[in-house]
Number of protein chains: 2
Amino acid sequence: MVAIVSTVNKAGSVSSTLATSVYDRIRHDILTGALHPNKKLRTEELRELYEAGNSPIREALNRLSSDGFVVREEQKGFHVAAISKAELRELVKTRCWLEETALRQSIANGTTQWEEQLVLAHHRLSRVTRFTNEENYERNPEWDSVHRAFHIALISACGSRPLIGFCEQLNDQADRYRQLAVATSFPTRDPKSEHVAIYEATLNRDANTAIELLCEHYQKTLQIIENSPIAFDD
Amino acid sequence: MVAIVSTVNKAGSVSSTLATSVYDRIRHDILTGALHPNKKLRTEELRELYEAGNSPIREALNRLSSDGFVVREEQKGFHVAAISKAELRELVKTRCWLEETALRQSIANGTTQWEEQLVLAHHRLSRVTRFTNEENYERNPEWDSVHRAFHIALISACGSRPLIGFCEQLNDQADRYRQLAVATSFPTRDPKSEHVAIYEATLNRDANTAIELLCEHYQKTLQIIENSPIAFDD
DNA sequence: TATCAAATAATTATCGAAAATATAAGCATT
DNA sequence: AATGCTTATATTTTCGATAATTATTTGATA
């Protein structure tokens, strides 16, 4: 007799197995910082915390370790991946390189259908507020979701599913830093106008401008996170 | 009392846990085609085949699914990933894009130490024969290993560990197609001269030439695999 | 006091069986 | 004959306990 704990994962679908549910919840807790960087993940502790047996926990941790959120050390168990300014910079740099390629290809190959999906994604982003409470900057999970969808929509016509996957992975990694930064400091800018500019350049099929704006967008985010009081390892 | 079956993984190190050993062996069997594409992977069958319990098998399959060699379907278990010409083409295309970036950065940033590692990697590749038996084209695992090392050495100074990781993933995926192709048809070319040309252009820091040669190298491989009698799904 | 070895404790890795879920087969109903 | 329902079977998922490994403490010796 097992309690079926359904959670809604990042894709918006409902997950039925316990292992997937635990995966989603641990992932969420790492992203929000509830499980802080470097924390040792002992199975017994997690079993109580997520009310599950040994196997689902282990399975979830294995999946997370391939996402890069958790590190597995042979015979020493699991721990939450560390964070460092150096890694963040590498992440952003790589993101700029990969999304430059992806966006250029997308603009070159994109069909009318792609254009329309992009219009829709941008519309949705423009209609959602970033915070549910403007006073204390409480994150709006809906914004996270549509923001992610917008950035994927930009590159979705690049013609390479592996490349889209890599960009998503990098986005998820960077998202962790963003979440940790917002949790400790308040944002100083509104990225809305930047999104509009990227969106318009892309629809105009002006690849060079779109890429330049996109990379600037990421660089600005990098600056803000770097200057926020997160407990980096370096 | 558990029999400790040590296997040597792709990095050359010895793996100690049963799960890792099973991972290495299933991975090898998928690469060589012993477990053919689309094959359903029932845990009970695998338990007998690899002489392990439920958990290590499950853990290995989960790891393999994040490598893309195995597909996990919620509540439907695991099966070997399918192969298709379309996917292979996407793979090669993506590889060219990513390694173009990586090689250009490597050439721009590479230190003397990087140069020397590259010299060494190329020397090792030149000293190993591709097949242990030239008559029946029996693969030499040593060649696979140094060949992989050579391609990684080229891009190792790009300054982005994530990017190197992505290139390795794509290389591993493509390697599966190569292995399956060699298993069914005999190779018609010797890639040695191509490697020399790439190597020399890189050492001369001639990025454009090196990239062009590298992409041609991948395209030629693609042609050969596409024309070999593999049972593609499309 | 420092160093090494043995014993103990803590933690991970593994197993075999039980529970939950999906697939297939058989039967009745329209 | 085709469709929907019910039962039976196969497979996946989960649990609790045990074996194996690593880390820590303790004590003896130089």
# chains A, B, ... in the order shown; residues from 1 in each chain; ligands from 1
call {"tool": "interface_residues", "arguments": {"of": "chain A", "to": "chain D", "cutoff": "9 Å", "atoms": "only C-alpha atoms (C1' of nucleotides)", "output": "ChimeraX atom specification"}}
result
/A:2,17-19,52-56,75-76
call {"tool": "closest_atom_pairs", "arguments": {"of": "chain A", "to": "chain B", "cutoff": "8 Å", "atoms": "only C-alpha atoms", "output": "tab-separated table"}}
result
residue	atom	partner	partner_atom	distance
A:Ser16	CA	B:Glu74	CA	7.9
A:Thr17	CA	B:Glu74	CA	7.3
A:Ser55	CA	B:Ser55	CA	7.4
A:Glu59	CA	B:Glu59	CA	6.6
A:Asn62	CA	B:Arg63	CA	6.7
A:Arg63	CA	B:Asn62	CA	6.7
A:Ser66	CA	B:Ser66	CA	6.1
A:Glu74	CA	B:Thr17	CA	7.2
A:Gln75	CA	B:Thr17	CA	7.2
A:Glu90	CA	B:Ser160	CA	5.7
A:Leu91	CA	B:Pro162	CA	7.3
A:Lys93	CA	B:Ser160	CA	7.8
A:Thr94	CA	B:Ser160	CA	6.5
A:Trp97	CA	B:Thr101	CA	7.2
A:Leu98	CA	B:Leu98	CA	7.3
A:Thr101	CA	B:Trp97	CA	7.2
A:Gly159	CA	B:Glu90	CA	7.5
A:Ser160	CA	B:Glu90	CA	5.7
A:Arg161	CA	B:Glu90	CA	7.6
A:Pro162	CA	B:Thr94	CA	7.2
A:Leu163	CA	B:Thr94	CA	6.5
A:Phe166	CA	B:Phe166	CA	7.3
call {"tool": "calpha_fit_and_write", "arguments": {"fixed": "chain A", "moving": "chain B", "output": "CSV table (one decimal) with C-alpha atoms, in the first residue's frame"}}
result
chain,number,residue,atom,x,y,z
B,1,MET,CA,-0.3,0.1,-0.5
B,2,VAL,CA,1.7,3.0,-1.8
B,3,ALA,CA,0.5,6.6,-1.6
B,4,ILE,CA,0.5,7.9,-5.1
B,5,VAL,CA,2.0,11.4,-4.8
B,6,SER,CA,1.6,13.1,-8.2
B,7,THR,CA,3.8,16.0,-8.9
B,8,VAL,CA,3.8,18.3,-11.9
B,9,ASN,CA,7.2,18.2,-13.6
B,10,LYS,CA,9.0,20.9,-15.6
B,11,ALA,CA,7.3,19.8,-18.8
B,12,GLY,CA,3.9,20.3,-17.1
B,13,SER,CA,2.9,16.6,-17.3
B,14,VAL,CA,1.9,14.6,-14.3
B,15,SER,CA,4.3,11.9,-13.1
B,16,SER,CA,3.0,8.6,-12.0
B,17,THR,CA,5.9,6.6,-10.5
B,18,LEU,CA,7.2,7.4,-7.0
B,19,ALA,CA,10.7,7.6,-8.3
B,20,THR,CA,9.7,10.3,-10.8
B,21,SER,CA,7.8,12.2,-8.1
B,22,VAL,CA,10.8,12.1,-5.8
B,23,TYR,CA,13.0,13.2,-8.7
B,24,ASP,CA,10.9,16.2,-9.3
B,25,ARG,CA,10.7,17.2,-5.7
B,26,ILE,CA,14.5,16.8,-5.0
B,27,ARG,CA,15.2,18.7,-8.2
B,28,HIS,CA,12.9,21.5,-7.1
B,29,ASP,CA,14.5,21.6,-3.6
B,30,ILE,CA,18.0,21.8,-5.1
B,31,LEU,CA,16.9,24.6,-7.5
B,32,THR,CA,15.4,26.7,-4.8
B,33,GLY,CA,18.2,26.1,-2.4
B,34,ALA,CA,16.3,24.1,0.2
B,35,LEU,CA,19.0,21.4,-0.4
B,36,HIS,CA,22.0,23.7,-0.5
B,37,PRO,CA,25.1,23.1,-2.6
B,38,ASN,CA,27.6,20.5,-1.4
B,39,LYS,CA,25.0,19.0,1.0
B,40,LYS,CA,25.5,15.3,1.5
B,41,LEU,CA,22.5,13.3,0.5
B,42,ARG,CA,22.2,10.3,2.8
B,43,THR,CA,19.5,7.9,1.7
B,44,GLU,CA,18.1,7.4,5.1
B,45,GLU,CA,17.6,11.1,5.7
B,46,LEU,CA,16.0,11.5,2.2
B,47,ARG,CA,13.7,8.5,2.9
B,48,GLU,CA,12.1,10.3,5.8
B,49,LEU,CA,12.1,13.7,4.0
B,50,TYR,CA,10.3,12.4,0.9
B,51,GLU,CA,8.5,9.5,2.4
B,52,ALA,CA,9.7,6.9,0.0
B,53,GLY,CA,11.7,3.7,0.2
B,54,ASN,CA,15.3,3.1,-0.8
B,55,SER,CA,14.9,2.3,-4.5
B,56,PRO,CA,12.9,5.4,-5.6
B,57,ILE,CA,15.3,7.7,-3.8
B,58,ARG,CA,18.3,6.0,-5.4
B,59,GLU,CA,16.7,6.1,-8.8
B,60,ALA,CA,15.9,9.8,-8.5
B,61,LEU,CA,19.5,10.6,-7.4
B,62,ASN,CA,20.9,8.7,-10.3
B,63,ARG,CA,18.7,10.7,-12.7
B,64,LEU,CA,19.7,13.9,-11.1
B,65,SER,CA,23.3,13.1,-11.3
B,66,SER,CA,23.1,12.9,-15.1
B,67,ASP,CA,21.4,16.3,-15.1
B,68,GLY,CA,24.4,17.6,-13.2
B,69,PHE,CA,22.5,18.7,-10.1
B,70,VAL,CA,23.8,15.8,-8.0
B,71,VAL,CA,27.2,14.2,-8.0
B,72,ARG,CA,27.7,10.5,-7.5
B,73,GLU,CA,30.9,9.2,-6.0
B,74,GLU,CA,31.5,5.5,-6.2
B,75,GLN,CA,30.9,3.9,-2.9
B,76,LYS,CA,30.7,7.3,-1.2
B,77,GLY,CA,27.1,8.2,-2.1
B,78,PHE,CA,25.6,11.4,-3.4
B,79,HIS,CA,25.9,15.1,-2.7
B,80,VAL,CA,24.4,18.2,-4.2
B,81,ALA,CA,26.6,19.7,-6.9
B,82,ALA,CA,28.8,22.6,-5.8
B,83,ILE,CA,28.4,26.0,-7.3
B,84,SER,CA,31.3,28.3,-8.3
B,85,LYS,CA,31.7,31.6,-10.2
B,86,ALA,CA,34.1,29.8,-12.5
B,87,GLU,CA,31.5,27.2,-13.4
B,88,LEU,CA,28.8,29.8,-13.8
B,89,ARG,CA,31.0,31.7,-16.2
B,90,GLU,CA,31.7,28.6,-18.2
B,91,LEU,CA,28.0,27.8,-18.3
B,92,VAL,CA,27.1,31.2,-19.7
B,93,LYS,CA,29.9,31.2,-22.2
B,94,THR,CA,28.9,27.8,-23.4
B,95,ARG,CA,25.3,28.9,-23.6
B,96,CYS,CA,26.2,31.9,-25.8
B,97,TRP,CA,28.2,29.6,-28.1
B,98,LEU,CA,25.6,27.0,-28.5
B,99,GLU,CA,22.6,29.3,-28.7
B,100,GLU,CA,24.4,31.4,-31.3
B,101,THR,CA,24.6,28.3,-33.5
B,102,ALA,CA,21.0,27.2,-32.7
B,103,LEU,CA,19.4,30.6,-33.2
B,104,ARG,CA,21.3,31.2,-36.5
B,105,GLN,CA,20.0,27.9,-37.8
B,106,SER,CA,16.5,28.5,-36.5
B,107,ILE,CA,16.3,31.8,-38.3
B,108,ALA,CA,17.7,30.3,-41.4
B,109,ASN,CA,15.4,27.2,-41.4
B,110,GLY,CA,12.3,28.3,-39.5
B,111,THR,CA,9.0,27.9,-41.1
B,112,THR,CA,5.8,29.9,-40.7
B,113,GLN,CA,4.7,27.5,-38.0
B,114,TRP,CA,7.9,28.2,-36.0
B,115,GLU,CA,7.2,31.9,-36.3
B,116,GLU,CA,3.7,31.4,-35.0
B,117,GLN,CA,4.9,29.3,-32.1
B,118,LEU,CA,7.4,32.1,-31.2
B,119,VAL,CA,4.7,34.7,-31.4
B,120,LEU,CA,2.6,32.7,-29.0
B,121,ALA,CA,5.5,32.0,-26.6
B,122,HIS,CA,6.3,35.7,-26.5
B,123,HIS,CA,2.7,36.6,-25.9
B,124,ARG,CA,2.4,34.3,-23.0
B,125,LEU,CA,5.7,35.6,-21.5
B,126,SER,CA,4.5,39.2,-21.8
B,127,ARG,CA,1.2,38.4,-20.0
B,128,VAL,CA,2.7,36.8,-16.9
B,129,THR,CA,4.3,38.8,-14.1
B,130,ARG,CA,7.7,37.7,-12.8
B,131,PHE,CA,6.7,37.7,-9.2
B,132,THR,CA,3.5,36.8,-7.5
B,133,ASN,CA,4.2,39.5,-4.9
B,134,GLU,CA,6.1,42.6,-6.1
B,135,GLU,CA,6.8,43.6,-2.5
B,136,ASN,CA,9.0,40.7,-1.4
B,137,TYR,CA,9.9,39.3,-4.8
B,138,GLU,CA,8.3,36.0,-4.5
B,139,ARG,CA,9.0,34.0,-7.6
B,140,ASN,CA,6.1,33.1,-9.9
B,141,PRO,CA,6.5,29.5,-11.1
B,142,GLU,CA,4.3,30.3,-14.1
B,143,TRP,CA,6.8,32.9,-15.2
B,144,ASP,CA,9.7,30.4,-14.9
B,145,SER,CA,7.8,28.0,-17.1
B,146,VAL,CA,6.8,30.4,-19.9
B,147,HIS,CA,10.3,32.1,-19.8
B,148,ARG,CA,11.9,28.7,-20.3
B,149,ALA,CA,9.4,28.0,-23.1
B,150,PHE,CA,10.2,31.3,-24.8
B,151,HIS,CA,13.9,30.7,-24.9
B,152,ILE,CA,13.3,27.2,-26.3
B,153,ALA,CA,10.9,28.5,-28.9
B,154,LEU,CA,13.6,30.8,-30.3
B,155,ILE,CA,15.9,27.8,-31.1
B,156,SER,CA,13.3,25.1,-31.7
B,157,ALA,CA,13.7,25.3,-35.5
B,158,CYS,CA,17.4,24.7,-35.5
B,159,GLY,CA,17.0,21.2,-36.9
B,160,SER,CA,18.9,19.4,-34.1
B,161,ARG,CA,17.2,17.8,-31.2
B,162,PRO,CA,20.5,17.0,-29.5
B,163,LEU,CA,21.4,20.7,-29.7
B,164,ILE,CA,18.1,21.8,-28.2
B,165,GLY,CA,18.6,19.3,-25.5
B,166,PHE,CA,22.0,20.6,-24.6
B,167,CYS,CA,20.7,24.2,-24.5
B,168,GLU,CA,17.9,23.0,-22.2
B,169,GLN,CA,20.5,21.4,-19.9
B,170,LEU,CA,22.5,24.6,-19.8
B,171,ASN,CA,19.4,26.6,-19.2
B,172,ASP,CA,18.4,24.4,-16.3
B,173,GLN,CA,21.9,24.6,-14.7
B,174,ALA,CA,21.9,28.4,-15.1
B,175,ASP,CA,18.4,28.5,-13.7
B,176,ARG,CA,19.8,27.1,-10.4
B,177,TYR,CA,22.1,30.0,-10.1
B,178,ARG,CA,19.3,32.4,-10.9
B,179,GLN,CA,17.1,30.9,-8.3
B,180,LEU,CA,19.8,31.0,-5.6
B,181,ALA,CA,20.6,34.6,-6.6
B,182,VAL,CA,17.0,35.8,-6.3
B,183,ALA,CA,16.6,34.1,-3.0
B,184,THR,CA,19.4,36.2,-1.5
B,185,SER,CA,19.1,39.5,-3.3
B,186,PHE,CA,16.5,41.5,-5.1
B,187,PRO,CA,16.6,41.9,-8.9
B,188,THR,CA,17.4,45.3,-10.3
B,189,ARG,CA,16.1,45.1,-13.8
B,190,ASP,CA,13.2,44.1,-15.8
B,191,PRO,CA,14.2,41.8,-18.7
B,192,LYS,CA,10.9,42.4,-20.6
B,193,SER,CA,12.4,45.0,-23.0
B,194,GLU,CA,15.3,42.7,-23.7
B,195,HIS,CA,13.0,39.9,-24.6
B,196,VAL,CA,11.0,42.1,-26.9
B,197,ALA,CA,14.2,43.1,-28.7
B,198,ILE,CA,15.4,39.6,-29.2
B,199,TYR,CA,12.0,38.5,-30.3
B,200,GLU,CA,11.7,41.2,-32.9
B,201,ALA,CA,15.2,40.7,-34.4
B,202,THR,CA,14.4,37.0,-34.7
B,203,LEU,CA,11.1,37.5,-36.4
B,204,ASN,CA,12.9,40.0,-38.8
B,205,ARG,CA,15.3,37.1,-39.5
B,206,ASP,CA,18.2,39.4,-38.5
B,207,ALA,CA,20.4,36.7,-37.2
B,208,ASN,CA,23.4,38.8,-36.2
B,209,THR,CA,21.4,41.3,-34.2
B,210,ALA,CA,19.3,38.6,-32.5
B,211,ILE,CA,22.4,36.7,-31.5
B,212,GLU,CA,24.1,39.8,-30.2
B,213,LEU,CA,21.1,40.7,-28.1
B,214,LEU,CA,20.6,37.2,-26.8
B,215,CYS,CA,24.3,37.0,-25.6
B,216,GLU,CA,24.1,40.4,-24.0
B,217,HIS,CA,20.9,39.2,-22.3
B,218,TYR,CA,22.8,36.3,-20.8
B,219,GLN,CA,25.9,38.4,-19.9
B,220,LYS,CA,23.7,40.9,-18.0
B,221,THR,CA,22.1,38.1,-16.1
B,222,LEU,CA,25.6,36.8,-15.3
B,223,GLN,CA,26.7,40.1,-13.9
B,224,ILE,CA,23.7,40.3,-11.6
B,225,ILE,CA,24.2,36.8,-10.3
B,226,GLU,CA,27.9,37.3,-9.8
B,227,ASN,CA,27.3,40.4,-7.7
B,228,SER,CA,24.6,38.9,-5.6
B,229,PRO,CA,25.6,37.5,-2.1
B,230,ILE,CA,25.5,33.8,-2.9
B,231,ALA,CA,27.9,31.5,-1.0
B,232,PHE,CA,30.1,30.6,-3.9
B,233,ASP,CA,32.9,28.0,-3.3
B,234,ASP,CA,35.4,30.4,-4.9
call {"tool": "select_by_dssp", "arguments": {"residues": "region 7-225 of chain B", "states": "helix (DSSP H, G or I)", "output": "PyMOL selection string"}}
result
chain B and resi 18-32+43-50+54-67+85-109+112-127+141-155+161-184+192-203+207-225
call {"tool": "write_last_selection", "arguments": {"atoms": "C-alpha atoms", "output": "CSV table (one decimal), in the first residue's frame"}}
result
chain,number,residue,atom,x,y,z
B,18,LEU,CA,28.2,-4.0,-9.4
B,19,ALA,CA,25.9,-1.4,-10.8
B,20,THR,CA,28.8,0.3,-12.6
B,21,SER,CA,30.1,-3.1,-13.9
B,22,VAL,CA,26.7,-3.9,-15.3
B,23,TYR,CA,26.5,-0.4,-16.8
B,24,ASP,CA,29.8,-0.9,-18.6
B,25,ARG,CA,28.8,-4.3,-19.9
B,26,ILE,CA,25.3,-3.4,-21.1
B,27,ARG,CA,26.8,-0.3,-22.7
B,28,HIS,CA,29.4,-2.4,-24.5
B,29,ASP,CA,26.7,-4.9,-25.6
B,30,ILE,CA,24.6,-2.1,-27.0
B,31,LEU,CA,27.6,-0.5,-28.8
B,32,THR,CA,28.6,-3.8,-30.4
B,43,THR,CA,14.9,-6.9,-15.9
B,44,GLU,CA,14.5,-10.6,-15.3
B,45,GLU,CA,16.2,-11.5,-18.5
B,46,LEU,CA,19.0,-9.1,-17.8
B,47,ARG,CA,19.4,-10.4,-14.3
B,48,GLU,CA,20.3,-13.8,-15.6
B,49,LEU,CA,22.4,-12.4,-18.4
B,50,TYR,CA,24.6,-10.2,-16.2
B,54,ASN,CA,17.3,-6.1,-9.5
B,55,SER,CA,18.8,-2.9,-8.2
B,56,PRO,CA,22.1,-2.8,-10.0
B,57,ILE,CA,20.4,-3.6,-13.3
B,58,ARG,CA,17.8,-0.9,-12.8
B,59,GLU,CA,20.5,1.6,-11.8
B,60,ALA,CA,22.6,0.7,-14.9
B,61,LEU,CA,19.6,1.2,-17.1
B,62,ASN,CA,18.8,4.5,-15.6
B,63,ARG,CA,22.4,5.7,-16.2
B,64,LEU,CA,22.3,4.4,-19.8
B,65,SER,CA,19.0,6.2,-20.5
B,66,SER,CA,20.7,9.5,-19.7
B,67,ASP,CA,23.4,8.7,-22.1
B,85,LYS,CA,19.4,7.6,-40.7
B,86,ALA,CA,17.6,10.8,-39.8
B,87,GLU,CA,19.0,10.7,-36.3
B,88,LEU,CA,22.5,9.8,-37.5
B,89,ARG,CA,22.5,12.8,-39.8
B,90,GLU,CA,21.3,15.1,-37.0
B,91,LEU,CA,24.1,13.7,-34.8
B,92,VAL,CA,26.8,14.4,-37.4
B,93,LYS,CA,25.4,17.8,-38.2
B,94,THR,CA,25.4,18.7,-34.5
B,95,ARG,CA,28.9,17.3,-34.0
B,96,CYS,CA,30.2,19.5,-36.8
B,97,TRP,CA,28.6,22.6,-35.3
B,98,LEU,CA,29.8,22.0,-31.8
B,99,GLU,CA,33.3,20.8,-32.7
B,100,GLU,CA,33.7,23.8,-35.0
B,101,THR,CA,33.2,26.1,-32.0
B,102,ALA,CA,35.2,23.9,-29.7
B,103,LEU,CA,38.2,23.5,-32.1
B,104,ARG,CA,38.2,27.2,-32.9
B,105,GLN,CA,38.4,28.1,-29.2
B,106,SER,CA,40.9,25.5,-28.5
B,107,ILE,CA,43.2,26.8,-31.3
B,108,ALA,CA,42.7,30.3,-30.0
B,109,ASN,CA,43.4,29.5,-26.3
B,112,THR,CA,52.0,24.7,-25.0
B,113,GLN,CA,50.8,22.0,-22.7
B,114,TRP,CA,47.8,21.5,-24.9
B,115,GLU,CA,50.0,21.3,-28.0
B,116,GLU,CA,52.1,18.6,-26.3
B,117,GLN,CA,49.1,16.6,-25.2
B,118,LEU,CA,47.9,16.7,-28.8
B,119,VAL,CA,51.2,15.6,-30.2
B,120,LEU,CA,51.1,12.7,-27.7
B,121,ALA,CA,47.6,11.7,-28.6
B,122,HIS,CA,48.3,11.7,-32.3
B,123,HIS,CA,51.5,9.7,-31.8
B,124,ARG,CA,49.6,7.0,-29.9
B,125,LEU,CA,46.9,6.9,-32.6
B,126,SER,CA,49.5,6.5,-35.3
B,127,ARG,CA,51.1,3.6,-33.6
B,141,PRO,CA,39.5,-1.8,-28.7
B,142,GLU,CA,42.8,-0.1,-28.2
B,143,TRP,CA,42.3,1.9,-31.4
B,144,ASP,CA,38.8,2.9,-30.3
B,145,SER,CA,40.2,4.2,-27.1
B,146,VAL,CA,43.1,6.3,-28.6
B,147,HIS,CA,41.0,7.5,-31.4
B,148,ARG,CA,38.5,8.8,-29.0
B,149,ALA,CA,41.3,10.4,-27.0
B,150,PHE,CA,42.7,12.1,-30.1
B,151,HIS,CA,39.4,13.8,-30.9
B,152,ILE,CA,39.0,14.9,-27.4
B,153,ALA,CA,42.6,16.3,-27.3
B,154,LEU,CA,41.8,18.5,-30.3
B,155,ILE,CA,39.1,20.4,-28.4
B,161,ARG,CA,33.9,21.5,-19.7
B,162,PRO,CA,30.2,21.3,-20.6
B,163,LEU,CA,31.0,21.7,-24.3
B,164,ILE,CA,33.7,19.0,-24.1
B,165,GLY,CA,31.1,16.8,-22.4
B,166,PHE,CA,28.5,17.4,-25.1
B,167,CYS,CA,31.0,16.5,-27.8
B,168,GLU,CA,31.9,13.3,-26.0
B,169,GLN,CA,28.2,12.4,-25.8
B,170,LEU,CA,27.8,13.0,-29.5
B,171,ASN,CA,31.0,11.0,-30.2
B,172,ASP,CA,29.7,8.1,-28.1
B,173,GLN,CA,26.4,8.1,-29.9
B,174,ALA,CA,28.0,8.2,-33.3
B,175,ASP,CA,30.4,5.5,-32.2
B,176,ARG,CA,27.4,3.2,-31.9
B,177,TYR,CA,26.5,3.7,-35.5
B,178,ARG,CA,30.2,3.2,-36.5
B,179,GLN,CA,30.4,-0.1,-34.6
B,180,LEU,CA,27.2,-1.4,-36.1
B,181,ALA,CA,28.4,-0.4,-39.5
B,182,VAL,CA,31.7,-2.2,-39.2
B,183,ALA,CA,29.9,-5.3,-37.9
B,184,THR,CA,27.9,-5.6,-41.1
B,192,LYS,CA,45.0,7.9,-41.0
B,193,SER,CA,45.9,10.6,-43.6
B,194,GLU,CA,42.8,12.6,-42.6
B,195,HIS,CA,43.8,12.5,-39.0
B,196,VAL,CA,47.3,13.7,-40.0
B,197,ALA,CA,45.9,16.6,-41.9
B,198,ILE,CA,43.6,17.7,-39.1
B,199,TYR,CA,46.4,17.4,-36.6
B,200,GLU,CA,48.8,19.5,-38.7
B,201,ALA,CA,46.3,22.3,-39.4
B,202,THR,CA,45.5,22.4,-35.7
B,203,LEU,CA,49.1,22.6,-34.6
B,207,ALA,CA,41.5,27.2,-37.5
B,208,ASN,CA,39.5,27.5,-40.7
B,209,THR,CA,41.4,24.7,-42.4
B,210,ALA,CA,41.3,22.4,-39.4
B,211,ILE,CA,37.6,22.9,-39.0
B,212,GLU,CA,36.9,22.2,-42.6
B,213,LEU,CA,39.0,19.0,-42.5
B,214,LEU,CA,37.4,17.9,-39.3
B,215,CYS,CA,33.8,18.3,-40.7
B,216,GLU,CA,34.8,16.6,-44.0
B,217,HIS,CA,36.2,13.8,-41.9
B,218,TYR,CA,32.8,13.4,-40.1
B,219,GLN,CA,30.9,13.7,-43.4
B,220,LYS,CA,32.9,10.9,-45.0
B,221,THR,CA,32.2,8.7,-42.1
B,222,LEU,CA,28.5,9.5,-42.4
B,223,GLN,CA,28.5,8.5,-46.0
B,224,ILE,CA,30.1,5.2,-45.3
B,225,ILE,CA,27.7,4.3,-42.5
call {"tool": "closest_atom_pairs", "arguments": {"of": "chain C", "to": "chain A", "cutoff": "9 Å", "atoms": "only C-alpha atoms (C1' of nucleotides)", "output": "tab-separated table"}}
result
residue	atom	partner	partner_atom	distance
C:DT11	C1'	A:Arg42	CA	7.9
C:DT12	C1'	A:Gln75	CA	6.1
C:DA13	C1'	A:Gln75	CA	7.7
C:DA19	C1'	A:Met1	CA	6.7
C:DA20	C1'	A:Met1	CA	8.4
